[in-house]
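S.K.: Data file input-v7.cif (mmCIF, C-alpha atoms) is appended below.
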data_input
loop_
_atom_site.label_atom_id
_atom_site.label_comp_id
_atom_site.auth_asym_id
_atom_site.auth_seq_id
_atom_site.Cartn_x
_atom_site.Cartn_y
_atom_site.Cartn_z
CA MET A 860 -13.96 11.40 -10.23
CA HIS A 861 -15.02 12.58 -13.69
CA GLY A 862 -17.28 9.62 -14.43
CA HIS A 863 -15.22 6.90 -12.85
CA ARG A 864 -16.84 4.81 -10.16
CA PHE A 865 -13.53 4.79 -8.33
CA SER A 866 -10.84 7.35 -7.79
CA TYR A 867 -7.43 6.03 -8.81
CA ALA A 868 -3.97 6.69 -7.40
CA ALA A 869 -0.55 5.90 -8.82
CA ASN A 870 2.00 4.19 -6.60
CA ILE A 871 5.15 6.05 -7.59
CA SER A 872 7.47 3.49 -6.00
CA ILE A 873 6.62 0.99 -8.72
CA MET A 874 5.11 3.14 -11.51
CA PHE A 875 6.72 5.94 -13.52
CA THR A 876 10.14 4.46 -12.83
CA GLU A 877 11.27 5.92 -16.16
CA TYR A 878 11.68 9.12 -14.12
CA GLU A 879 13.79 10.04 -11.12
CA PHE A 880 11.81 9.54 -7.94
CA LEU A 881 11.19 13.22 -7.22
CA ASP A 882 10.03 13.72 -10.82
CA ARG A 883 7.37 11.02 -10.54
CA PRO A 884 4.65 13.09 -8.86
CA ALA A 885 4.72 15.47 -11.85
CA ALA A 886 4.75 12.56 -14.29
CA ALA A 887 1.73 11.03 -12.56
CA ARG A 888 -0.12 14.35 -12.74
CA ALA A 889 0.70 14.71 -16.43
CA ALA A 890 -0.80 11.26 -17.00
CA GLY A 891 -4.06 12.29 -15.35
CA PHE A 892 -3.58 11.18 -11.73
CA THR A 893 -4.46 13.62 -8.98
CA LYS A 894 -3.51 11.20 -6.19
CA ILE A 895 -0.35 9.22 -5.47
CA GLU A 896 0.99 6.85 -2.86
CA THR A 897 4.47 5.58 -2.10
CA TRP A 898 6.36 2.99 -0.12
CA TRP A 899 8.65 4.47 2.55
CA PRO A 900 11.01 6.29 0.17
CA PHE A 901 13.98 6.70 2.48
CA ALA A 902 16.74 4.28 3.48
CA GLU A 903 16.42 4.90 7.21
CA PRO A 904 13.43 4.79 9.58
CA VAL A 905 13.85 8.52 10.20
CA ALA A 906 14.90 10.57 7.18
CA GLU A 907 16.83 13.81 7.23
CA PRO A 908 14.54 16.87 7.29
CA GLY A 909 15.84 17.98 3.90
CA GLN A 910 14.82 14.67 2.34
CA VAL A 911 11.30 15.03 3.66
CA ASP A 912 11.13 18.63 2.50
CA ALA A 913 12.22 17.59 -1.01
CA LEU A 914 9.54 14.92 -1.22
CA ILE A 915 6.76 17.19 -0.02
CA GLY A 916 7.99 19.96 -2.28
CA ALA A 917 7.78 17.66 -5.31
CA ILE A 918 4.27 16.58 -4.35
CA ASP A 919 3.10 20.15 -3.85
CA ALA A 920 4.72 21.39 -7.05
CA ALA A 921 3.05 18.63 -9.05
CA GLY A 922 -0.39 19.47 -7.70
CA VAL A 923 -1.13 15.91 -6.55
CA ARG A 924 -2.28 14.61 -3.19
CA LEU A 925 -0.45 11.95 -1.16
CA ILE A 926 -3.12 9.46 -0.10
CA GLY A 927 -0.99 6.50 1.00
CA LEU A 928 2.40 6.06 2.67
CA ASN A 929 4.16 2.97 3.98
CA PHE A 930 5.83 2.83 7.33
CA PHE A 931 9.51 1.89 7.24
CA GLY A 932 9.72 -1.71 6.03
CA GLY A 933 13.39 -2.51 6.30
CA ASP A 934 15.59 -2.94 3.23
CA LEU A 935 12.98 -3.85 0.62
CA ALA A 936 15.55 -4.06 -2.17
CA ALA A 937 17.43 -6.68 -0.17
CA GLY A 938 14.26 -8.69 0.35
CA GLN A 939 12.99 -7.49 3.72
CA ARG A 940 9.22 -7.14 4.01
CA GLY A 941 8.67 -5.18 7.17
CA VAL A 942 10.05 -5.25 10.70
CA ALA A 943 6.94 -4.97 12.87
CA SER A 944 7.30 -8.56 14.06
CA HIS A 945 10.98 -8.15 15.00
CA PRO A 946 11.36 -7.34 18.69
CA ASP A 947 14.59 -5.41 18.12
CA ALA A 948 12.90 -2.98 15.72
CA ALA A 949 10.38 -1.50 18.16
CA ALA A 950 12.31 1.72 18.79
CA ASP A 951 12.96 2.29 15.08
CA LEU A 952 9.30 1.80 14.24
CA ALA A 953 8.15 4.10 17.02
CA ALA A 954 10.47 6.84 15.74
CA ASN A 955 9.36 6.17 12.19
CA ALA A 956 5.71 6.46 13.20
CA GLU A 957 6.37 9.92 14.59
CA GLN A 958 7.90 11.02 11.28
CA VAL A 959 5.03 9.41 9.36
CA ALA A 960 2.66 11.47 11.51
CA ALA A 961 4.64 14.62 10.76
CA ILE A 962 4.45 13.94 7.02
CA ALA A 963 0.72 13.32 7.38
CA GLY A 964 0.35 16.68 9.05
CA ARG A 965 1.91 18.39 6.05
CA THR A 966 0.21 16.39 3.30
CA GLY A 967 -3.16 15.27 4.63
CA CYS A 968 -2.27 11.61 4.07
CA ARG A 969 -4.42 9.26 6.16
CA ASN A 970 -3.62 5.69 5.00
CA PHE A 971 -0.44 3.99 6.18
CA ASN A 972 0.65 0.50 5.19
CA LEU A 973 2.59 -1.42 7.84
CA LEU A 974 4.35 -4.54 6.59
CA TYR A 975 4.26 -7.29 9.20
CA GLY A 976 7.75 -8.75 8.68
CA GLN A 977 9.16 -12.14 7.77
CA ARG A 978 9.76 -14.94 10.22
CA ASP A 979 13.21 -14.71 11.79
CA ASP A 980 14.94 -17.60 13.56
CA ARG A 981 16.33 -15.27 16.22
CA TRP A 982 12.94 -15.31 17.94
CA THR A 983 10.13 -17.78 18.39
CA PRO A 984 6.96 -17.32 16.33
CA ALA A 985 5.13 -16.39 19.54
CA GLU A 986 7.69 -13.68 20.33
CA GLN A 987 7.36 -12.29 16.82
CA GLU A 988 3.58 -12.35 16.92
CA ALA A 989 3.59 -10.47 20.22
CA ALA A 990 6.06 -7.90 18.87
CA ALA A 991 3.90 -7.36 15.79
CA ILE A 992 0.72 -6.90 17.81
CA ARG A 993 2.46 -4.31 20.00
CA ALA A 994 3.97 -2.47 17.03
CA ILE A 995 0.70 -2.37 15.11
CA GLY A 996 -1.17 -1.12 18.16
CA GLN A 997 1.40 1.60 18.81
CA ALA A 998 1.34 2.71 15.18
CA ALA A 999 -2.46 2.77 15.24
CA ALA A 1000 -2.44 4.89 18.39
CA THR A 1001 -0.03 7.37 16.80
CA VAL A 1002 -2.06 7.89 13.63
CA ALA A 1003 -5.43 7.78 15.42
CA THR A 1004 -4.69 11.23 16.83
CA PHE A 1005 -5.34 12.75 13.39
CA GLY A 1006 -7.80 10.24 11.92
CA GLY A 1007 -5.24 7.97 10.26
CA THR A 1008 -5.63 4.29 9.46
CA VAL A 1009 -3.02 1.51 9.65
CA LEU A 1010 -3.31 -0.98 6.80
CA LEU A 1011 -2.17 -4.61 6.88
CA GLU A 1012 -1.87 -6.80 3.82
CA PRO A 1013 -1.19 -10.39 2.85
CA LEU A 1014 1.72 -10.92 0.47
CA ALA A 1015 2.23 -13.33 -2.42
CA LYS A 1016 3.82 -16.66 -1.59
CA GLY A 1017 7.17 -17.40 -3.17
CA LEU A 1018 8.03 -13.74 -3.75
CA ASN A 1019 8.37 -12.37 -0.23
CA GLY A 1020 10.37 -14.82 1.84
CA ALA A 1021 8.95 -16.25 5.06
CA TYR A 1022 6.15 -13.70 5.32
CA PRO A 1023 3.46 -15.36 7.46
CA LEU A 1024 0.37 -13.47 6.25
CA THR A 1025 -0.79 -14.77 2.87
CA THR A 1026 -4.60 -14.69 3.16
CA ALA A 1027 -7.17 -12.09 4.09
CA ASP A 1028 -8.31 -14.29 6.98
CA GLU A 1029 -4.81 -14.29 8.48
CA VAL A 1030 -4.64 -10.51 8.27
CA VAL A 1031 -8.08 -10.09 9.84
CA ALA A 1032 -7.03 -12.39 12.70
CA VAL A 1033 -4.08 -10.09 13.41
CA ILE A 1034 -6.30 -7.02 13.23
CA ASP A 1035 -8.67 -8.60 15.73
CA ALA A 1036 -5.77 -9.18 18.13
CA VAL A 1037 -4.58 -5.58 18.12
CA ALA A 1038 -5.59 -3.42 21.06
CA ALA A 1039 -6.08 -0.17 19.15
CA PRO A 1040 -7.74 2.91 20.62
CA ALA A 1041 -9.98 3.25 17.56
CA ASP A 1042 -11.26 1.13 14.70
CA ASN A 1043 -8.32 2.22 12.58
CA VAL A 1044 -6.51 -1.01 11.67
CA ARG A 1045 -7.92 -2.37 8.45
CA LEU A 1046 -7.34 -4.82 5.63
CA LEU A 1047 -5.43 -3.68 2.57
CA PHE A 1048 -7.19 -5.62 -0.19
CA ASP A 1049 -4.34 -6.18 -2.62
CA VAL A 1050 -5.67 -7.91 -5.73
CA PHE A 1051 -2.21 -9.01 -6.90
CA HIS A 1052 -1.10 -10.66 -3.68
CA LEU A 1053 -4.41 -12.34 -2.94
CA GLY A 1054 -4.92 -13.44 -6.54
CA SER A 1055 -1.39 -14.80 -6.79
CA ASN A 1056 -2.15 -16.96 -3.76
CA GLY A 1057 -5.21 -18.45 -5.41
CA ALA A 1058 -7.89 -16.52 -3.53
CA ASP A 1059 -11.35 -16.11 -5.03
CA LEU A 1060 -11.13 -12.35 -5.37
CA VAL A 1061 -14.84 -11.77 -5.82
CA ALA A 1062 -15.77 -13.88 -2.81
CA GLU A 1063 -13.06 -12.32 -0.66
CA ALA A 1064 -14.09 -8.78 -1.59
CA ARG A 1065 -17.63 -9.55 -0.54
CA ARG A 1066 -16.76 -11.51 2.60
CA HIS A 1067 -14.36 -8.92 3.98
CA ALA A 1068 -16.15 -5.82 2.72
CA ALA A 1069 -16.55 -4.35 6.18
CA ARG A 1070 -12.83 -4.72 6.95
CA ILE A 1071 -11.36 -3.26 3.75
CA GLY A 1072 -9.61 0.06 4.27
CA HIS A 1073 -7.80 0.37 0.95
CA VAL A 1074 -7.47 -1.40 -2.39
CA GLN A 1075 -4.38 -1.95 -4.51
CA LEU A 1076 -4.14 -3.79 -7.80
CA ALA A 1077 -1.85 -5.40 -10.31
CA ASP A 1078 -2.34 -8.42 -12.52
CA SER A 1079 -0.83 -11.86 -12.05
CA PRO A 1080 1.34 -13.49 -13.12
CA GLY A 1081 3.94 -10.80 -13.63
CA ARG A 1082 2.56 -7.91 -11.53
CA GLY A 1083 1.89 -5.86 -14.65
CA GLU A 1084 -1.06 -3.64 -15.47
CA PRO A 1085 -4.57 -5.16 -15.52
CA GLY A 1086 -4.96 -7.21 -18.67
CA SER A 1087 -1.35 -8.36 -18.71
CA GLY A 1088 -2.22 -11.42 -16.61
CA THR A 1089 -5.25 -13.55 -15.83
CA LEU A 1090 -6.83 -12.12 -12.66
CA PRO A 1091 -10.53 -11.12 -12.74
CA ILE A 1092 -9.77 -7.56 -11.71
CA ALA A 1093 -12.92 -5.97 -13.10
CA ALA A 1094 -15.07 -8.52 -11.30
CA ALA A 1095 -13.15 -8.02 -8.05
CA LEU A 1096 -13.63 -4.26 -8.16
CA ALA A 1097 -17.30 -4.71 -9.03
CA ALA A 1098 -17.67 -6.89 -5.93
CA LEU A 1099 -16.55 -4.10 -3.61
CA PRO A 1100 -19.45 -2.63 -1.67
CA SER A 1101 -21.28 0.15 -3.49
CA GLY A 1102 -20.47 2.45 -0.60
CA TYR A 1103 -16.69 1.91 -0.81
CA ALA A 1104 -15.38 5.46 -0.69
CA GLY A 1105 -11.68 4.70 -0.75
CA VAL A 1106 -9.18 5.00 -3.56
CA VAL A 1107 -8.08 2.17 -5.84
CA ALA A 1108 -4.30 2.37 -6.04
CA CYS A 1109 -2.43 1.21 -9.12
CA GLU A 1110 0.54 -0.70 -7.73
CA TYR A 1111 1.81 -2.50 -10.80
CA ARG A 1112 5.03 -2.77 -12.78
CA PRO A 1113 4.16 -1.38 -16.21
CA THR A 1114 5.06 -3.66 -19.11
CA ARG A 1115 5.90 -0.59 -21.19
CA ALA A 1116 6.02 3.17 -20.61
CA THR A 1117 3.66 3.85 -17.72
CA GLU A 1118 1.60 6.38 -19.66
CA GLU A 1119 0.88 3.70 -22.27
CA THR A 1120 -0.62 1.27 -19.73
CA LEU A 1121 -3.66 3.19 -18.48
CA ASP A 1122 -6.36 2.23 -20.98
CA TRP A 1123 -7.45 -0.65 -18.76
CA ILE A 1124 -9.22 1.84 -16.47
CA SER A 1125 -11.94 2.47 -19.03
CA ALA A 1126 -12.52 -1.24 -19.50
CA VAL A 1127 -12.58 -1.97 -15.78
CA ASP A 1128 -15.11 0.59 -14.62
CA GLY A 1129 -16.77 1.80 -17.79
CA ALA A 1130 -15.32 5.24 -17.38
CA PRO A 1131 -14.01 7.92 -19.70
CA PRO A 1132 -10.70 7.10 -21.37
CA ALA A 1133 -7.35 7.46 -19.71
CA GLY A 1134 -6.06 11.00 -19.83
CA THR A 1135 -8.96 12.45 -17.87
CA ASP A 1136 -8.28 13.23 -14.24
CA LEU A 1137 -8.22 10.14 -12.08
#
With the file now loaded, output its structure as structure tokens.

M.R.:
Amino acid sequence: MHGHRFSYAANISIMFTEYEFLDRPAAARAAGFTKIETWWPFAEPVAEPGQVDALIGAIDAAGVRLIGLNFFGGDLAAGQRGVASHPDAAADLAANAEQVAAIAGRTGCRNFNLLYGQRDDRWTPAEQEAAAIRAIGQAAATVATFGGTVLLEPLAKGLNGAYPLTTADEVVAVIDAVAAPADNVRLLFDVFHLGSNGADLVAEARRHAARIGHVQLADSPGRGEPGSGTLPIAAALAALPSGYAGVVACEYRPTRATEETLDWISAVDGAPPAGTDL
């Protein structure tokens, strides 16, 4: 980690958007990142083999490691935020999970974010909750075979439609309801979403320390790089348990060229300046 307390990853779905998607792994590496993550980068739950090959080829050529991948979340650009809670999406998610597992086998990725889904009037809340619990459990069983972890996160109110999970407590309650074959469903501690919802980030980091499987960050308001908003990001990271061995993923919308927005890392964890390997 070259002096950093944490190892950092770039989320190439939201960072380095100055570049074409398949050029972003190389751009992240040039900026000092050795790890990346991405939302599901394909339009369909199961991508064509050539699309997957192109993605993995770009990752390998860049010399970075894929450490996080989302399951299919519906049409994010159109406002969808997952389909796990939609009973009619079970077959799509099961097929997607198999492709996620195949990608994991080729990349070594072990963290997989599953968006819960927004409330839909076609089904009762109870039907949607049951569908989500089943889908999460099935996804967890699929990735457990190779040591993978399913991540669940709260989302910011007002930005994500009728998404029912907005606090860490609500996510943990869902995790506790999932019948998984291993302890591999965990909280994605997203500083932006929790902070936007008014959570005490320091207290939440401490209270849920044992449940946190991954950390993502952006500032609020605006979802820009740390320092562009008002969240106590340095304090929140400092509150993570000293034994936290996971990666801190940068999942922010840069306010200027991505490469110009990395100096915050030094201020946050007292590390060498940006430009060293992250």

S.K.: Output the residue selection produced by the PyMOL selection byres ((chain A and resi 1090) around 7) on the file above, formatted as a PyMOL selection string.

M.R.: chain A and resi 1054+1078-1079+1088-1089+1091-1092

S.K.: Set the distance at 9 Å and use only C-alpha atoms: which residues neighbour A:Arg993 once local chain neighbours fewer than 2 positions away are removed? I'd like the list as an mmCIF file with C-alpha atoms, keeping the file's coordinate frame.

M.R.:
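Contents of the output file out_15.cif:
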data_model
loop_
_atom_site.group_PDB
_atom_site.id
_atom_site.type_symbol
_atom_site.label_atom_id
_atom_site.label_comp_id
_atom_site.auth_asym_id
_atom_site.auth_seq_id
_atom_site.Cartn_x
_atom_site.Cartn_y
_atom_site.Cartn_z
ATOM 1 C CA ALA A 943 6.940 -4.970 12.870
ATOM 2 C CA SER A 944 7.300 -8.560 14.060
ATOM 3 C CA ALA A 949 10.380 -1.500 18.160
ATOM 4 C CA GLU A 988 3.580 -12.350 16.920
ATOM 5 C CA ALA A 989 3.590 -10.470 20.220
ATOM 6 C CA ALA A 990 6.060 -7.900 18.870
ATOM 7 C CA ALA A 991 3.900 -7.360 15.790
ATOM 8 C CA ILE A 995 0.700 -2.370 15.110
ATOM 9 C CA GLY A 996 -1.170 -1.120 18.160
ATOM 10 C CA GLN A 997 1.400 1.600 18.810
ATOM 11 C CA ALA A 998 1.340 2.710 15.180
ATOM 12 C CA VAL A 1037 -4.580 -5.580 18.120
ATOM 13 C CA ALA A 1038 -5.590 -3.420 21.060
#

S.K.: Set the distance at 12 Å and use only C-alpha atoms: which residues neighbour A:Arg1066 once local chain neighbours fewer than 4 positions away are removed? I'd like the list as a PyMOL selection string.

M.R.: chain A and resi 1027-1028+1031+1046+1048+1058-1062+1070-1071+1095+1098-1100

S.K.: Taking the point (13.2, -2.7, -2.5) as given in the file, collect each protein or nucleic acid residue that comes within 10 Å of it, counting only C-alpha atoms, and present the set as a short mmCIF file (atom, residue, chain, number, x, y, z; two decimals) with C-alpha atoms, in the coordinates of the input.

M.R.:
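Result file selection.cif:
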data_model
loop_
_atom_site.label_atom_id
_atom_site.label_comp_id
_atom_site.auth_asym_id
_atom_site.auth_seq_id
_atom_site.Cartn_x
_atom_site.Cartn_y
_atom_site.Cartn_z
CA SER A 872 7.47 3.49 -6.00
CA ILE A 873 6.62 0.99 -8.72
CA TRP A 898 6.36 2.99 -0.12
CA TRP A 899 8.65 4.47 2.55
CA PRO A 900 11.01 6.29 0.17
CA ALA A 902 16.74 4.28 3.48
CA GLY A 932 9.72 -1.71 6.03
CA GLY A 933 13.39 -2.51 6.30
CA ASP A 934 15.59 -2.94 3.23
CA LEU A 935 12.98 -3.85 0.62
CA ALA A 936 15.55 -4.06 -2.17
CA ALA A 937 17.43 -6.68 -0.17
CA GLY A 938 14.26 -8.69 0.35
CA GLN A 939 12.99 -7.49 3.72
CA ARG A 940 9.22 -7.14 4.01
#

S.K.: For atom CA of A:Pro1023 and atom CA of A:Tyr975, quote the distance in Å rounded to one decimal.

M.R.: 8.3 Å

S.K.: Measuring between only C-alpha atoms, which one of A:Ala920, A:Ala1093, A:Ala1104, A:Val1030 shows the shortest distance to A:Val1127?

M.R.: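 Of all the options, A:Ala1093 lies closest to A:Val1127.
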
S.K.: Apply the PyMOL selection byres ((chain A and resi 973) around 8) to the structure shown and report the selected residues as a CSV table (one decimal) with C-alpha atoms, keeping the file's coordinate frame.

M.R.:
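Result file follows (result28.csv):
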chain,number,residue,atom,x,y,z
A,929,ASN,CA,4.2,3.0,4.0
A,930,PHE,CA,5.8,2.8,7.3
A,931,PHE,CA,9.5,1.9,7.2
A,932,GLY,CA,9.7,-1.7,6.0
A,941,GLY,CA,8.7,-5.2,7.2
A,943,ALA,CA,6.9,-5.0,12.9
A,971,PHE,CA,-0.4,4.0,6.2
A,972,ASN,CA,0.6,0.5,5.2
A,974,LEU,CA,4.4,-4.5,6.6
A,975,TYR,CA,4.3,-7.3,9.2
A,995,ILE,CA,0.7,-2.4,15.1
A,1009,VAL,CA,-3.0,1.5,9.6
A,1010,LEU,CA,-3.3,-1.0,6.8
A,1011,LEU,CA,-2.2,-4.6,6.9

S.K.: What is the distance between atom CA of A:Ala1108 and atom CA of A:Gly922, in Å to one decimal?

M.R.: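 Value for the atom CA of A:Ala1108-atom CA of A:Gly922 distance: 17.6 Å.
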
S.K.: If I take atom CA of A:Glu1119 and atom CA of A:Thr893, how far is one from the other in Å, to one decimal?

M.R.: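 The value is 17.4 Å.
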
S.K.: Once all heavy atoms are restored for stretch 899-910 of chain A, what would the output be as a JSON list (two decimals), in the coordinates of the input?

M.R.:
[["chain", "number", "residue", "atom", "x", "y", "z"],
["A", 899, "TRP", "N", 7.75, 3.58, 1.82],
["A", 899, "TRP", "CA", 8.65, 4.47, 2.55],
["A", 899, "TRP", "C", 9.84, 4.76, 1.62],
["A", 899, "TRP", "O", 10.56, 3.83, 1.25],
["A", 899, "TRP", "CB", 9.10, 3.84, 3.86],
["A", 899, "TRP", "CG", 9.96, 4.74, 4.70],
["A", 899, "TRP", "CD1", 11.28, 4.58, 4.99],
["A", 899, "TRP", "CD2", 9.53, 5.94, 5.37],
["A", 899, "TRP", "NE1", 11.72, 5.61, 5.79],
["A", 899, "TRP", "CE2", 10.66, 6.46, 6.03],
["A", 899, "TRP", "CE3", 8.32, 6.62, 5.45],
["A", 899, "TRP", "CZ2", 10.61, 7.64, 6.79],
["A", 899, "TRP", "CZ3", 8.26, 7.79, 6.20],
["A", 899, "TRP", "CH2", 9.39, 8.29, 6.86],
["A", 900, "PRO", "N", 10.05, 6.02, 1.24],
["A", 900, "PRO", "CA", 11.01, 6.29, 0.17],
["A", 900, "PRO", "C", 12.43, 6.57, 0.65],
["A", 900, "PRO", "O", 13.29, 6.96, -0.16],
["A", 900, "PRO", "CB", 10.41, 7.54, -0.49],
["A", 900, "PRO", "CG", 9.74, 8.26, 0.63],
["A", 900, "PRO", "CD", 9.23, 7.19, 1.57],
["A", 901, "PHE", "N", 12.68, 6.37, 1.92],
["A", 901, "PHE", "CA", 13.98, 6.70, 2.48],
["A", 901, "PHE", "C", 14.67, 5.44, 3.00],
["A", 901, "PHE", "O", 14.01, 4.47, 3.37],
["A", 901, "PHE", "CB", 13.82, 7.71, 3.61],
["A", 901, "PHE", "CG", 12.98, 8.90, 3.23],
["A", 901, "PHE", "CD1", 11.73, 9.10, 3.82],
["A", 901, "PHE", "CD2", 13.41, 9.80, 2.27],
["A", 901, "PHE", "CE1", 10.94, 10.19, 3.48],
["A", 901, "PHE", "CE2", 12.62, 10.89, 1.90],
["A", 901, "PHE", "CZ", 11.39, 11.08, 2.51],
["A", 902, "ALA", "N", 15.98, 5.47, 3.09],
["A", 902, "ALA", "CA", 16.74, 4.28, 3.48],
["A", 902, "ALA", "C", 16.65, 4.00, 4.98],
["A", 902, "ALA", "O", 16.78, 2.85, 5.40],
["A", 902, "ALA", "CB", 18.22, 4.44, 3.08],
["A", 903, "GLU", "N", 16.42, 5.03, 5.76],
["A", 903, "GLU", "CA", 16.42, 4.90, 7.21],
["A", 903, "GLU", "C", 15.01, 5.09, 7.76],
["A", 903, "GLU", "O", 14.16, 5.71, 7.12],
["A", 903, "GLU", "CB", 17.37, 5.93, 7.83],
["A", 903, "GLU", "CG", 18.80, 5.82, 7.37],
["A", 903, "GLU", "CD", 19.44, 4.50, 7.72],
["A", 903, "GLU", "OE1", 19.07, 3.92, 8.77],
["A", 903, "GLU", "OE2", 20.32, 4.04, 6.96],
["A", 904, "PRO", "N", 14.76, 4.60, 8.98],
["A", 904, "PRO", "CA", 13.43, 4.79, 9.58],
["A", 904, "PRO", "C", 13.07, 6.26, 9.77],
["A", 904, "PRO", "O", 11.89, 6.62, 9.69],
["A", 904, "PRO", "CB", 13.54, 4.06, 10.93],
["A", 904, "PRO", "CG", 14.68, 3.12, 10.78],
["A", 904, "PRO", "CD", 15.63, 3.76, 9.83],
["A", 905, "VAL", "N", 14.07, 7.08, 10.04],
["A", 905, "VAL", "CA", 13.85, 8.52, 10.20],
["A", 905, "VAL", "C", 14.75, 9.24, 9.20],
["A", 905, "VAL", "O", 15.99, 9.18, 9.30],
["A", 905, "VAL", "CB", 14.15, 8.99, 11.63],
["A", 905, "VAL", "CG1", 13.96, 10.50, 11.76],
["A", 905, "VAL", "CG2", 13.25, 8.25, 12.62],
["A", 906, "ALA", "N", 14.15, 9.89, 8.23],
["A", 906, "ALA", "CA", 14.90, 10.57, 7.18],
["A", 906, "ALA", "C", 15.38, 11.94, 7.66],
["A", 906, "ALA", "O", 14.85, 12.51, 8.62],
["A", 906, "ALA", "CB", 14.02, 10.74, 5.95],
["A", 907, "GLU", "N", 16.37, 12.46, 6.96],
["A", 907, "GLU", "CA", 16.83, 13.81, 7.23],
["A", 907, "GLU", "C", 15.72, 14.81, 6.86],
["A", 907, "GLU", "O", 14.99, 14.59, 5.89],
["A", 907, "GLU", "CB", 18.09, 14.12, 6.43],
["A", 907, "GLU", "CG", 19.30, 13.29, 6.82],
["A", 907, "GLU", "CD", 19.78, 13.60, 8.23],
["A", 907, "GLU", "OE1", 19.61, 14.76, 8.68],
["A", 907, "GLU", "OE2", 20.29, 12.69, 8.90],
["A", 908, "PRO", "N", 15.59, 15.89, 7.59],
["A", 908, "PRO", "CA", 14.54, 16.87, 7.29],
["A", 908, "PRO", "C", 14.56, 17.34, 5.84],
["A", 908, "PRO", "O", 13.50, 17.53, 5.22],
["A", 908, "PRO", "CB", 14.81, 18.01, 8.26],
["A", 908, "PRO", "CG", 15.49, 17.35, 9.43],
["A", 908, "PRO", "CD", 16.34, 16.27, 8.82],
["A", 909, "GLY", "N", 15.75, 17.53, 5.28],
["A", 909, "GLY", "CA", 15.84, 17.98, 3.90],
["A", 909, "GLY", "C", 15.27, 16.98, 2.91],
["A", 909, "GLY", "O", 14.70, 17.38, 1.87],
["A", 910, "GLN", "N", 15.40, 15.70, 3.21],
["A", 910, "GLN", "CA", 14.82, 14.67, 2.34],
["A", 910, "GLN", "C", 13.30, 14.74, 2.35],
["A", 910, "GLN", "O", 12.65, 14.62, 1.31],
["A", 910, "GLN", "CB", 15.29, 13.29, 2.79],
["A", 910, "GLN", "CG", 16.77, 13.02, 2.61],
["A", 910, "GLN", "CD", 17.14, 11.64, 3.14],
["A", 910, "GLN", "OE1", 17.04, 11.37, 4.35],
["A", 910, "GLN", "NE2", 17.55, 10.77, 2.26]]
